>>> print(open('entry_6.cif').read())   # mmCIF, C-alpha atoms and all ligand atoms
data_input
loop_
_atom_site.label_atom_id
_atom_site.label_comp_id
_atom_site.auth_asym_id
_atom_site.auth_seq_id
_atom_site.Cartn_x
_atom_site.Cartn_y
_atom_site.Cartn_z
CA MET A 1 0.00 0.00 0.00
CA SER A 2 1.13 3.53 -0.73
CA LYS A 3 2.49 5.93 1.89
CA ARG A 4 0.02 8.55 0.72
CA LYS A 5 -2.68 9.48 3.19
CA PRO A 6 -5.96 7.54 2.98
CA PRO A 7 -9.09 9.48 2.05
CA PRO A 8 -10.75 11.66 4.68
CA PRO A 9 -14.31 10.57 5.60
CA ASP A 10 -16.88 11.97 3.20
CA PRO A 11 -18.23 15.03 5.00
CA GLU A 12 -21.67 14.40 3.51
CA ARG A 13 -23.16 11.19 4.83
CA LEU A 14 -24.76 8.95 2.19
CA ALA A 15 -27.27 6.47 3.63
CA PRO A 16 -28.27 3.74 3.59
CA LEU A 17 -25.29 1.90 2.10
CA ILE A 18 -24.00 -1.68 2.30
CA ASP A 19 -20.40 -2.50 1.39
CA SER A 20 -21.02 -5.74 -0.50
CA HIS A 21 -17.38 -6.88 -0.61
CA THR A 22 -14.54 -5.93 1.68
CA HIS A 23 -11.57 -7.58 3.42
CA ILE A 24 -11.55 -6.10 6.91
CA ASP A 25 -8.62 -8.21 8.13
CA SER A 26 -6.42 -7.55 5.09
CA GLY A 27 -6.46 -3.92 6.13
CA GLY A 28 -4.75 -5.00 9.38
CA ASN A 29 -7.90 -5.04 11.52
CA ARG A 30 -8.14 -8.40 13.26
CA THR A 31 -9.40 -8.02 16.84
CA PRO A 32 -13.07 -7.51 17.82
CA GLU A 33 -12.21 -3.94 18.89
CA GLN A 34 -10.52 -3.16 15.56
CA VAL A 35 -13.48 -4.58 13.65
CA ALA A 36 -15.89 -2.46 15.70
CA ARG A 37 -13.83 0.66 14.92
CA VAL A 38 -13.92 -0.09 11.16
CA LEU A 39 -17.71 -0.41 11.37
CA ASP A 40 -18.04 2.72 13.54
CA ARG A 41 -16.13 4.72 10.90
CA ALA A 42 -18.33 3.21 8.18
CA SER A 43 -21.66 3.78 9.90
CA ALA A 44 -20.70 7.39 10.65
CA VAL A 45 -20.92 8.08 6.89
CA GLY A 46 -23.95 5.86 6.23
CA VAL A 47 -22.41 2.43 5.54
CA GLY A 48 -24.49 0.41 7.97
CA ALA A 49 -23.39 -3.14 7.06
CA VAL A 50 -20.55 -4.89 5.24
CA VAL A 51 -19.82 -8.31 3.78
CA THR A 52 -16.25 -9.30 4.66
CA VAL A 53 -14.80 -11.86 2.28
CA ALA A 54 -12.35 -14.72 2.77
CA CYS A 55 -9.62 -15.68 0.27
CA ASP A 56 -8.04 -18.62 2.14
CA MET A 57 -8.81 -21.08 4.93
CA ALA A 58 -7.43 -18.91 7.74
CA GLN A 59 -9.55 -16.00 6.54
CA ALA A 60 -12.60 -18.25 6.14
CA ARG A 61 -12.38 -19.10 9.85
CA TRP A 62 -11.77 -15.44 10.73
CA VAL A 63 -14.64 -13.91 8.73
CA VAL A 64 -17.16 -16.23 10.40
CA ASP A 65 -15.82 -15.18 13.82
CA ALA A 66 -15.96 -11.50 12.86
CA ALA A 67 -19.56 -11.83 11.66
CA HIS A 68 -20.49 -13.20 15.08
CA TRP A 69 -18.64 -10.43 16.94
CA ASP A 70 -20.45 -7.53 15.28
CA GLU A 71 -24.01 -7.56 13.95
CA ARG A 72 -23.05 -5.09 11.19
CA VAL A 73 -20.63 -7.65 9.72
CA TYR A 74 -21.67 -10.49 7.39
CA ALA A 75 -19.31 -13.05 5.89
CA ALA A 76 -18.52 -14.72 2.56
CA THR A 77 -16.33 -17.83 2.50
CA ALA A 78 -14.25 -19.46 -0.25
CA VAL A 79 -10.67 -19.99 -1.30
CA HIS A 80 -9.49 -17.44 -3.89
CA PRO A 81 -8.81 -18.91 -7.38
CA THR A 82 -5.07 -18.19 -7.26
CA ASP A 83 -4.76 -20.09 -3.93
CA VAL A 84 -6.82 -23.22 -4.56
CA ASP A 85 -3.78 -25.52 -4.42
CA GLU A 86 -4.45 -25.60 -0.67
CA LEU A 87 -8.05 -26.79 -1.15
CA ASP A 88 -7.69 -30.48 -0.28
CA ASP A 89 -10.52 -32.75 0.92
CA ALA A 90 -10.12 -31.81 4.59
CA HIS A 91 -10.28 -28.11 3.71
CA ARG A 92 -13.34 -28.68 1.52
CA ALA A 93 -15.14 -30.36 4.38
CA GLU A 94 -14.21 -27.53 6.76
CA LEU A 95 -15.15 -24.84 4.24
CA ALA A 96 -18.54 -26.45 3.64
CA ARG A 97 -19.16 -26.46 7.40
CA LEU A 98 -18.09 -22.80 7.77
CA ALA A 99 -20.18 -21.74 4.77
CA ALA A 100 -23.31 -23.23 6.33
CA ASP A 101 -23.10 -20.75 9.23
CA PRO A 102 -26.14 -18.44 9.15
CA ARG A 103 -23.86 -15.35 9.20
CA VAL A 104 -22.29 -16.47 5.89
CA VAL A 105 -24.35 -14.79 3.18
CA ALA A 106 -22.38 -15.82 0.06
CA ILE A 107 -19.86 -18.31 -1.32
CA GLY A 108 -16.91 -16.22 -2.48
CA GLU A 109 -14.67 -15.05 -3.67
CA THR A 110 -14.28 -17.82 -6.20
CA GLY A 111 -13.83 -17.89 -9.96
CA LEU A 112 -10.88 -17.72 -12.33
CA ASP A 113 -7.81 -15.51 -12.36
CA TRP A 114 -5.61 -15.63 -15.45
CA TYR A 115 -3.89 -12.34 -14.65
CA TRP A 116 -1.44 -13.74 -12.08
CA LEU A 117 -0.52 -16.87 -14.05
CA GLY A 118 3.23 -16.80 -14.68
CA LYS A 119 3.55 -13.48 -12.82
CA ARG A 120 3.64 -14.81 -9.26
CA GLU A 121 4.91 -17.97 -7.55
CA GLY A 122 2.40 -20.54 -6.34
CA VAL A 123 -0.57 -19.46 -8.47
CA ALA A 124 -2.87 -22.44 -9.12
CA GLU A 125 -2.85 -23.83 -12.69
CA PRO A 126 -5.89 -23.20 -14.95
CA ASP A 127 -7.31 -26.74 -14.64
CA THR A 128 -6.97 -26.65 -10.85
CA GLN A 129 -8.75 -23.27 -10.80
CA ARG A 130 -11.56 -24.60 -13.02
CA GLU A 131 -12.12 -27.66 -10.82
CA ALA A 132 -12.13 -25.63 -7.61
CA PHE A 133 -14.51 -23.06 -9.14
CA ALA A 134 -16.88 -25.90 -10.09
CA TRP A 135 -16.70 -27.18 -6.50
CA HIS A 136 -17.60 -23.72 -5.12
CA ILE A 137 -20.52 -23.44 -7.60
CA ASP A 138 -21.84 -26.76 -6.35
CA LEU A 139 -21.43 -25.63 -2.72
CA ALA A 140 -23.42 -22.45 -3.39
CA LYS A 141 -26.22 -24.52 -4.92
CA ARG A 142 -26.21 -27.06 -2.08
CA LEU A 143 -26.44 -24.29 0.53
CA ASN A 144 -28.73 -22.11 -1.59
CA LYS A 145 -26.47 -19.07 -1.10
CA PRO A 146 -25.34 -16.47 -3.66
CA LEU A 147 -22.13 -17.14 -5.59
CA MET A 148 -19.67 -14.22 -5.42
CA ILE A 149 -17.35 -14.33 -8.40
CA HIS A 150 -13.80 -13.11 -8.87
CA ASN A 151 -12.95 -12.77 -12.57
CA ARG A 152 -9.61 -11.49 -13.75
CA GLU A 153 -9.03 -11.61 -17.50
CA ALA A 154 -11.03 -14.84 -17.77
CA ASP A 155 -14.45 -13.76 -19.18
CA ASP A 156 -14.96 -16.60 -21.69
CA ASP A 157 -13.55 -19.44 -19.59
CA LEU A 158 -15.54 -18.27 -16.58
CA LEU A 159 -18.78 -18.33 -18.58
CA ASP A 160 -17.87 -21.81 -19.90
CA VAL A 161 -17.50 -23.24 -16.38
CA LEU A 162 -20.70 -21.56 -15.17
CA ARG A 163 -22.68 -22.87 -18.14
CA ALA A 164 -21.25 -26.39 -17.82
CA GLU A 165 -22.00 -26.59 -14.08
CA GLY A 166 -25.23 -24.60 -14.16
CA ALA A 167 -25.18 -21.28 -12.30
CA PRO A 168 -26.77 -20.95 -8.84
CA GLU A 169 -29.92 -18.88 -8.54
CA THR A 170 -28.01 -15.77 -7.45
CA VAL A 171 -24.68 -14.80 -8.99
CA VAL A 172 -22.75 -11.63 -8.09
CA MET A 173 -19.93 -10.51 -10.36
CA HIS A 174 -17.69 -8.96 -7.69
CA CYS A 175 -15.56 -5.95 -8.71
CA PHE A 176 -16.98 -6.13 -12.22
CA SER A 177 -14.17 -4.86 -14.45
CA SER A 178 -15.09 -6.06 -17.94
CA GLY A 179 -16.71 -4.16 -20.78
CA PRO A 180 -20.30 -3.64 -21.97
CA ALA A 181 -20.52 -6.95 -23.90
CA MET A 182 -19.67 -9.05 -20.81
CA ALA A 183 -22.01 -6.87 -18.74
CA LYS A 184 -24.85 -7.62 -21.16
CA THR A 185 -24.13 -11.37 -21.06
CA CYS A 186 -24.21 -11.35 -17.23
CA LEU A 187 -27.33 -9.16 -17.04
CA ASP A 188 -29.14 -11.33 -19.61
CA ALA A 189 -28.33 -14.34 -17.40
CA GLY A 190 -30.00 -12.54 -14.47
CA TRP A 191 -26.79 -11.86 -12.53
CA ILE A 192 -25.84 -8.89 -10.40
CA LEU A 193 -22.91 -6.59 -11.15
CA SER A 194 -20.99 -5.29 -8.15
CA PHE A 195 -18.94 -2.15 -8.81
CA ALA A 196 -15.87 -1.02 -6.90
CA GLY A 197 -13.62 2.06 -6.90
CA ASN A 198 -12.04 1.20 -10.26
CA ALA A 199 -15.36 2.18 -11.89
CA THR A 200 -14.40 5.77 -11.02
CA PHE A 201 -10.95 5.61 -12.67
CA ARG A 202 -10.90 8.10 -15.53
CA ASN A 203 -9.13 5.71 -17.95
CA ALA A 204 -11.48 2.73 -17.41
CA LEU A 205 -13.55 3.54 -20.51
CA ASP A 206 -15.03 0.07 -21.22
CA LEU A 207 -15.89 -0.44 -17.57
CA ARG A 208 -17.51 2.99 -17.37
CA GLU A 209 -19.70 2.07 -20.32
CA ALA A 210 -20.71 -1.14 -18.52
CA VAL A 211 -21.51 0.83 -15.36
CA ALA A 212 -23.76 3.17 -17.29
CA SER A 213 -25.62 0.28 -18.97
CA ALA A 214 -26.74 -1.74 -15.92
CA PRO A 215 -30.31 -1.37 -14.58
CA ILE A 216 -30.34 0.31 -11.16
CA ASP A 217 -31.91 -2.74 -9.47
CA ARG A 218 -29.12 -5.07 -10.69
CA ILE A 219 -26.18 -3.23 -9.10
CA LEU A 220 -24.26 -3.64 -5.87
CA VAL A 221 -21.51 -1.36 -4.60
CA GLU A 222 -18.37 -2.43 -2.79
CA THR A 223 -14.96 -1.20 -1.66
CA ASP A 224 -12.93 -4.42 -2.10
CA ALA A 225 -10.83 -2.76 0.63
CA PRO A 226 -7.93 -2.51 1.24
CA TYR A 227 -7.54 -2.26 -2.56
CA MET A 228 -9.38 -0.33 -5.29
CA THR A 229 -9.51 3.06 -3.58
CA PRO A 230 -11.65 5.35 -5.77
CA HIS A 231 -10.62 8.44 -7.70
CA PRO A 232 -9.08 10.85 -6.64
CA TYR A 233 -7.49 8.76 -3.86
CA ARG A 234 -6.35 5.87 -6.09
CA GLY A 235 -3.34 4.02 -4.60
CA THR A 236 -4.08 4.74 -0.93
CA THR A 237 -5.53 2.28 1.61
CA ASN A 238 -9.23 1.65 1.21
CA GLU A 239 -11.79 0.95 3.96
CA SER A 240 -15.58 0.67 4.09
CA TYR A 241 -16.01 4.33 5.13
CA VAL A 242 -14.69 5.29 1.66
CA LEU A 243 -17.71 3.75 -0.12
CA PRO A 244 -19.72 7.01 -0.47
CA TYR A 245 -17.03 8.42 -2.79
CA THR A 246 -17.43 5.42 -5.12
CA VAL A 247 -21.22 5.63 -5.05
CA ARG A 248 -21.13 9.36 -5.88
CA GLY A 249 -18.71 8.65 -8.75
CA ILE A 250 -20.91 5.88 -10.14
CA ALA A 251 -24.07 7.95 -9.76
CA GLU A 252 -22.46 10.82 -11.67
CA LEU A 253 -21.46 8.42 -14.46
CA ARG A 254 -25.05 7.14 -14.65
CA GLY A 255 -26.70 10.56 -14.34
CA GLU A 256 -28.51 9.57 -11.12
CA ASN A 257 -28.92 11.03 -7.65
CA PRO A 258 -26.42 9.38 -5.28
CA GLU A 259 -29.26 8.99 -2.75
CA ASP A 260 -31.34 6.99 -5.26
CA LEU A 261 -28.40 4.76 -6.13
CA ALA A 262 -27.62 4.21 -2.43
CA GLU A 263 -31.24 3.29 -1.77
CA ALA A 264 -31.47 0.88 -4.73
CA THR A 265 -28.15 -0.91 -4.12
CA THR A 266 -28.97 -1.33 -0.44
CA ARG A 267 -32.37 -2.80 -1.27
CA THR A 268 -30.71 -5.29 -3.65
CA ALA A 269 -28.00 -6.21 -1.11
CA ARG A 270 -30.61 -6.77 1.60
CA SER A 271 -32.71 -8.96 -0.62
CA ILE A 272 -29.96 -11.21 -2.02
CA PHE A 273 -27.88 -11.49 1.17
CA GLY A 274 -30.85 -11.55 3.56
CA ILE A 275 -29.56 -8.55 5.52
CA GLU A 276 -32.17 -7.05 7.87
CA PRO A 277 -32.57 -3.24 7.89
ZN ZN A 301 -11.99 -9.19 -2.86
#
>>> encode(input="entry_6.cif", output="structure tokens")
Amino acid sequence: MSKRKPPPPDPERLAPLIDSHTHIDSGGNRTPEQVARVLDRASAVGVGAVVTVACDMAQARWVVDAAHWDERVYAATAVHPTDVDELDDAHRAELARLAADPRVVAIGETGLDWYWLGKREGVAEPDTQREAFAWHIDLAKRLNKPLMIHNREADDDLLDVLRAEGAPETVVMHCFSSGPAMAKTCLDAGWILSFAGNATFRNALDLREAVASAPIDRILVETDAPYMTPHPYRGTTNESYVLPYTVRGIAELRGENPEDLAEATTRTARSIFGIEP
């Protein structure tokens, strides 16, 4: 993370908001007190609930704990596509047990990541990623929970696996970063697009077109903290309290009132994740 200062809290509260995808612990917040402070900072600007997402087994255990510590925190459990080499039978059994917890509102983040192949040590091979993705799809269907997808430079292969396995009833394309054609394919399939801070980056032209094209009732908003800090704070550490900046940026792009977008995305998040007002 950069040494630059993180964004100041938005002076104008924007409520109600739900941060549909964050990593509280990756930002260095691990104790119940630290988690409560993250949520206090978020609720002060209108972000009343968050879904904190696991990428490995240790995080899967932690997010379920965190969701029991604080009623504003909900969890999503999975092993991230790049790390699925660790997903042996014992881990699958444990993950299935964790995912069944009532505070777990989605199976994620799972999917395919071709970006890191050959760039980083220890990244799972494509066939291993495909098999593990299929396993997570099946888990989501067995538990009747939404599937929260991570897709990095894998549009076509991701759609192939989803079609072959049969998609669960609810699919969320987390940190949607593709263009308008992929957006249309996902929307036609009935899936939800979740937008993060990169939708506000000035050079993300294809993504901005996708953002503008999605119906207001098919959108979620997320920070994906500690990454993806929105314009003009790109490169600094992100946290759930930063979400209003992203929502204002997206609303501007779509020619909508930020309040209307906040209201609509919160309604959608509550309905698909079963989050009580
Ligand atoms: Zn994430």
>>> residues_around(input="entry_6.cif", residues="region 109-112 of chain A", least_positions_apart="4", cutoff="7 Å", atoms="all atoms listed in the file", output="PDB file with C-alpha atoms, in the frame of the given file")
ATOM      1  CA  VAL A  53     -14.800 -11.860   2.280  1.00  0.00           C
ATOM      2  CA  ALA A  54     -12.350 -14.720   2.770  1.00  0.00           C
ATOM      3  CA  CYS A  55      -9.620 -15.680   0.270  1.00  0.00           C
ATOM      4  CA  THR A  77     -16.330 -17.830   2.500  1.00  0.00           C
ATOM      5  CA  ALA A  78     -14.250 -19.460  -0.250  1.00  0.00           C
ATOM      6  CA  VAL A  79     -10.670 -19.990  -1.300  1.00  0.00           C
ATOM      7  CA  HIS A  80      -9.490 -17.440  -3.890  1.00  0.00           C
ATOM      8  CA  PRO A  81      -8.810 -18.910  -7.380  1.00  0.00           C
ATOM      9  CA  GLN A 129      -8.750 -23.270 -10.800  1.00  0.00           C
ATOM     10  CA  ARG A 130     -11.560 -24.600 -13.020  1.00  0.00           C
ATOM     11  CA  PHE A 133     -14.510 -23.060  -9.140  1.00  0.00           C
ATOM     12  CA  HIS A 136     -17.600 -23.720  -5.120  1.00  0.00           C
ATOM     13  CA  MET A 148     -19.670 -14.220  -5.420  1.00  0.00           C
ATOM     14  CA  ILE A 149     -17.350 -14.330  -8.400  1.00  0.00           C
ATOM     15  CA  HIS A 150     -13.800 -13.110  -8.870  1.00  0.00           C
ATOM     16  CA  ASN A 151     -12.950 -12.770 -12.570  1.00  0.00           C
ATOM     17  CA  ARG A 152      -9.610 -11.490 -13.750  1.00  0.00           C
ATOM     18  CA  ALA A 154     -11.030 -14.840 -17.770  1.00  0.00           C
ATOM     19  CA  LEU A 158     -15.540 -18.270 -16.580  1.00  0.00           C
TER      20      LEU A 158
END
>>> residues_around(input="entry_6.cif", residues="Ala100 (chain A)", least_positions_apart="2", cutoff="12 Å", atoms="all atoms listed in the file", output="JSON list (two decimals) with C-alpha atoms, in the coordinates of the input")
[["chain", "number", "residue", "atom", "x", "y", "z"],
["A", 60, "ALA", "CA", -12.60, -18.25, 6.14],
["A", 64, "VAL", "CA", -17.16, -16.23, 10.40],
["A", 75, "ALA", "CA", -19.31, -13.05, 5.89],
["A", 76, "ALA", "CA", -18.52, -14.72, 2.56],
["A", 77, "THR", "CA", -16.33, -17.83, 2.50],
["A", 78, "ALA", "CA", -14.25, -19.46, -0.25],
["A", 93, "ALA", "CA", -15.14, -30.36, 4.38],
["A", 94, "GLU", "CA", -14.21, -27.53, 6.76],
["A", 95, "LEU", "CA", -15.15, -24.84, 4.24],
["A", 96, "ALA", "CA", -18.54, -26.45, 3.64],
["A", 97, "ARG", "CA", -19.16, -26.46, 7.40],
["A", 98, "LEU", "CA", -18.09, -22.80, 7.77],
["A", 102, "PRO", "CA", -26.14, -18.44, 9.15],
["A", 103, "ARG", "CA", -23.86, -15.35, 9.20],
["A", 104, "VAL", "CA", -22.29, -16.47, 5.89],
["A", 105, "VAL", "CA", -24.35, -14.79, 3.18],
["A", 106, "ALA", "CA", -22.38, -15.82, 0.06],
["A", 107, "ILE", "CA", -19.86, -18.31, -1.32],
["A", 139, "LEU", "CA", -21.43, -25.63, -2.72],
["A", 140, "ALA", "CA", -23.42, -22.45, -3.39],
["A", 141, "LYS", "CA", -26.22, -24.52, -4.92],
["A", 142, "ARG", "CA", -26.21, -27.06, -2.08],
["A", 143, "LEU", "CA", -26.44, -24.29, 0.53],
["A", 144, "ASN", "CA", -28.73, -22.11, -1.59],
["A", 145, "LYS", "CA", -26.47, -19.07, -1.10]]
>>> closest_residue(input="entry_6.cif", among="A:Thr223, A:Glu263, A:His21, A:Asp155", to="Pro277 (chain A)", atoms="all atoms listed in the file")
A:Glu263
>>> closest_residue(input="entry_6.cif", among="A:Ile219, A:Ala49, A:Ala196, A:Ala44", to="Leu17 (chain A)", atoms="all atoms listed in the file")
A:Ala49
>>> atom_distance(input="entry_6.cif", atom1="CA of Pro258 (chain A)", atom2="CA of Ile216 (chain A)")
11.5 Å
>>> residues_around(input="entry_6.cif", residues="region 23-34 of chain A", least_positions_apart="5", cutoff="6 Å", atoms="all atoms listed in the file", output="list in words")
Thr52, Val53, Ala225 and Pro226 of chain A
>>> write_last_selection(input="entry_6.cif", atoms="C-alpha atoms", output="mmCIF file, in the frame of the given file")
data_model
loop_
_atom_site.group_PDB
_atom_site.id
_atom_site.type_symbol
_atom_site.label_atom_id
_atom_site.label_comp_id
_atom_site.auth_asym_id
_atom_site.auth_seq_id
_atom_site.Cartn_x
_atom_site.Cartn_y
_atom_site.Cartn_z
ATOM 1 C CA THR A 52 -16.250 -9.300 4.660
ATOM 2 C CA VAL A 53 -14.800 -11.860 2.280
ATOM 3 C CA ALA A 225 -10.830 -2.760 0.630
ATOM 4 C CA PRO A 226 -7.930 -2.510 1.240
#
>>> residues_around(input="entry_6.cif", residues="Lys5 (chain A)", least_positions_apart="5", cutoff="12 Å", atoms="only C-alpha atoms", output="compact mmCIF listing (two decimals) with C-alpha atoms, in the coordinates of the input")
# COMPACT_ATOMS: atom_id res chain seq x y z
CA THR A 229 -9.51 3.06 -3.58
CA PRO A 232 -9.08 10.85 -6.64
CA TYR A 233 -7.49 8.76 -3.86
CA ARG A 234 -6.35 5.87 -6.09
CA GLY A 235 -3.34 4.02 -4.60
CA THR A 236 -4.08 4.74 -0.93
CA THR A 237 -5.53 2.28 1.61
CA ASN A 238 -9.23 1.65 1.21
>>> residues_around(input="entry_6.cif", residues="Gly46 (chain A)", least_positions_apart="6", cutoff="10 Å", atoms="only C-alpha atoms", output="CSV table (one decimal) with C-alpha atoms, in the frame of the given file")
chain,number,residue,atom,x,y,z
A,10,ASP,CA,-16.9,12.0,3.2
A,12,GLU,CA,-21.7,14.4,3.5
A,13,ARG,CA,-23.2,11.2,4.8
A,14,LEU,CA,-24.8,9.0,2.2
A,15,ALA,CA,-27.3,6.5,3.6
A,16,PRO,CA,-28.3,3.7,3.6
A,17,LEU,CA,-25.3,1.9,2.1
A,18,ILE,CA,-24.0,-1.7,2.3
A,40,ASP,CA,-18.0,2.7,13.5
A,241,TYR,CA,-16.0,4.3,5.1
A,243,LEU,CA,-17.7,3.8,-0.1
A,244,PRO,CA,-19.7,7.0,-0.5
A,262,ALA,CA,-27.6,4.2,-2.4
>>> closest_residue(input="entry_6.cif", among="A:Ala58, A:Leu261, A:Cys186, A:Leu39", to="Glu71 (chain A)", atoms="all atoms listed in the file")
A:Leu39
>>> closest_residue(input="entry_6.cif", among="A:Ala199, A:Met173, A:Leu253, A:Leu187", to="ligand ZN 301 (chain A)", atoms="only C-alpha atoms and all ligand atoms")
A:Met173
>>> atom_distance(input="entry_6.cif", atom1="CA of Asp206 (chain A)", atom2="CA of Ala124 (chain A)")
28.3 Å
>>> atom_distance(input="entry_6.cif", atom1="CA of Arg202 (chain A)", atom2="CA of Thr265 (chain A)")
22.6 Å
>>> closest_residue(input="entry_6.cif", among="A:Gly48, A:Ala42, A:Leu207, A:Phe195", to="Arg270 (chain A)", atoms="only C-alpha atoms")
A:Gly48
>>> closest_residue(input="entry_6.cif", among="A:Glu252, A:Asp19, A:Asp224, A:Glu165", to="ligand ZN 301 (chain A)", atoms="all atoms listed in the file")
A:Asp224
>>> decode(input="entry_6.cif", residues="region 129-180 of chain A", atoms="C-alpha atoms", output="PDB file, in the first residue's frame")
ATOM      1  CA  GLN A 129      -8.753 -23.274 -10.803  1.00  0.00           C
ATOM      2  CA  ARG A 130     -11.556 -24.595 -13.019  1.00  0.00           C
ATOM      3  CA  GLU A 131     -12.122 -27.657 -10.824  1.00  0.00           C
ATOM      4  CA  ALA A 132     -12.129 -25.625  -7.607  1.00  0.00           C
ATOM      5  CA  PHE A 133     -14.505 -23.064  -9.141  1.00  0.00           C
ATOM      6  CA  ALA A 134     -16.875 -25.899 -10.092  1.00  0.00           C
ATOM      7  CA  TRP A 135     -16.703 -27.178  -6.499  1.00  0.00           C
ATOM      8  CA  HIS A 136     -17.603 -23.718  -5.124  1.00  0.00           C
ATOM      9  CA  ILE A 137     -20.517 -23.440  -7.602  1.00  0.00           C
ATOM     10  CA  ASP A 138     -21.841 -26.757  -6.347  1.00  0.00           C
ATOM     11  CA  LEU A 139     -21.429 -25.634  -2.721  1.00  0.00           C
ATOM     12  CA  ALA A 140     -23.424 -22.446  -3.392  1.00  0.00           C
ATOM     13  CA  LYS A 141     -26.217 -24.522  -4.924  1.00  0.00           C
ATOM     14  CA  ARG A 142     -26.212 -27.062  -2.082  1.00  0.00           C
ATOM     15  CA  LEU A 143     -26.441 -24.287   0.530  1.00  0.00           C
ATOM     16  CA  ASN A 144     -28.731 -22.110  -1.592  1.00  0.00           C
ATOM     17  CA  LYS A 145     -26.468 -19.072  -1.102  1.00  0.00           C
ATOM     18  CA  PRO A 146     -25.335 -16.468  -3.661  1.00  0.00           C
ATOM     19  CA  LEU A 147     -22.131 -17.139  -5.588  1.00  0.00           C
ATOM     20  CA  MET A 148     -19.670 -14.223  -5.417  1.00  0.00           C
ATOM     21  CA  ILE A 149     -17.347 -14.332  -8.401  1.00  0.00           C
ATOM     22  CA  HIS A 150     -13.798 -13.112  -8.872  1.00  0.00           C
ATOM     23  CA  ASN A 151     -12.945 -12.774 -12.573  1.00  0.00           C
ATOM     24  CA  ARG A 152      -9.612 -11.485 -13.751  1.00  0.00           C
ATOM     25  CA  GLU A 153      -9.025 -11.606 -17.501  1.00  0.00           C
ATOM     26  CA  ALA A 154     -11.028 -14.839 -17.769  1.00  0.00           C
ATOM     27  CA  ASP A 155     -14.447 -13.760 -19.178  1.00  0.00           C
ATOM     28  CA  ASP A 156     -14.957 -16.603 -21.690  1.00  0.00           C
ATOM     29  CA  ASP A 157     -13.545 -19.445 -19.586  1.00  0.00           C
ATOM     30  CA  LEU A 158     -15.544 -18.272 -16.580  1.00  0.00           C
ATOM     31  CA  LEU A 159     -18.777 -18.329 -18.582  1.00  0.00           C
ATOM     32  CA  ASP A 160     -17.869 -21.806 -19.896  1.00  0.00           C
ATOM     33  CA  VAL A 161     -17.504 -23.244 -16.380  1.00  0.00           C
ATOM     34  CA  LEU A 162     -20.700 -21.562 -15.173  1.00  0.00           C
ATOM     35  CA  ARG A 163     -22.676 -22.869 -18.145  1.00  0.00           C
ATOM     36  CA  ALA A 164     -21.246 -26.388 -17.818  1.00  0.00           C
ATOM     37  CA  GLU A 165     -21.996 -26.594 -14.083  1.00  0.00           C
ATOM     38  CA  GLY A 166     -25.233 -24.601 -14.162  1.00  0.00           C
ATOM     39  CA  ALA A 167     -25.177 -21.280 -12.304  1.00  0.00           C
ATOM     40  CA  PRO A 168     -26.772 -20.953  -8.836  1.00  0.00           C
ATOM     41  CA  GLU A 169     -29.923 -18.876  -8.540  1.00  0.00           C
ATOM     42  CA  THR A 170     -28.013 -15.772  -7.455  1.00  0.00           C
ATOM     43  CA  VAL A 171     -24.676 -14.800  -8.994  1.00  0.00           C
ATOM     44  CA  VAL A 172     -22.754 -11.633  -8.088  1.00  0.00           C
ATOM     45  CA  MET A 173     -19.929 -10.513 -10.359  1.00  0.00           C
ATOM     46  CA  HIS A 174     -17.694  -8.957  -7.692  1.00  0.00           C
ATOM     47  CA  CYS A 175     -15.560  -5.946  -8.711  1.00  0.00           C
ATOM     48  CA  PHE A 176     -16.981  -6.133 -12.216  1.00  0.00           C
ATOM     49  CA  SER A 177     -14.169  -4.860 -14.448  1.00  0.00           C
ATOM     50  CA  SER A 178     -15.094  -6.059 -17.943  1.00  0.00           C
ATOM     51  CA  GLY A 179     -16.708  -4.156 -20.781  1.00  0.00           C
ATOM     52  CA  PRO A 180     -20.305  -3.637 -21.968  1.00  0.00           C
TER      53      PRO A 180
END
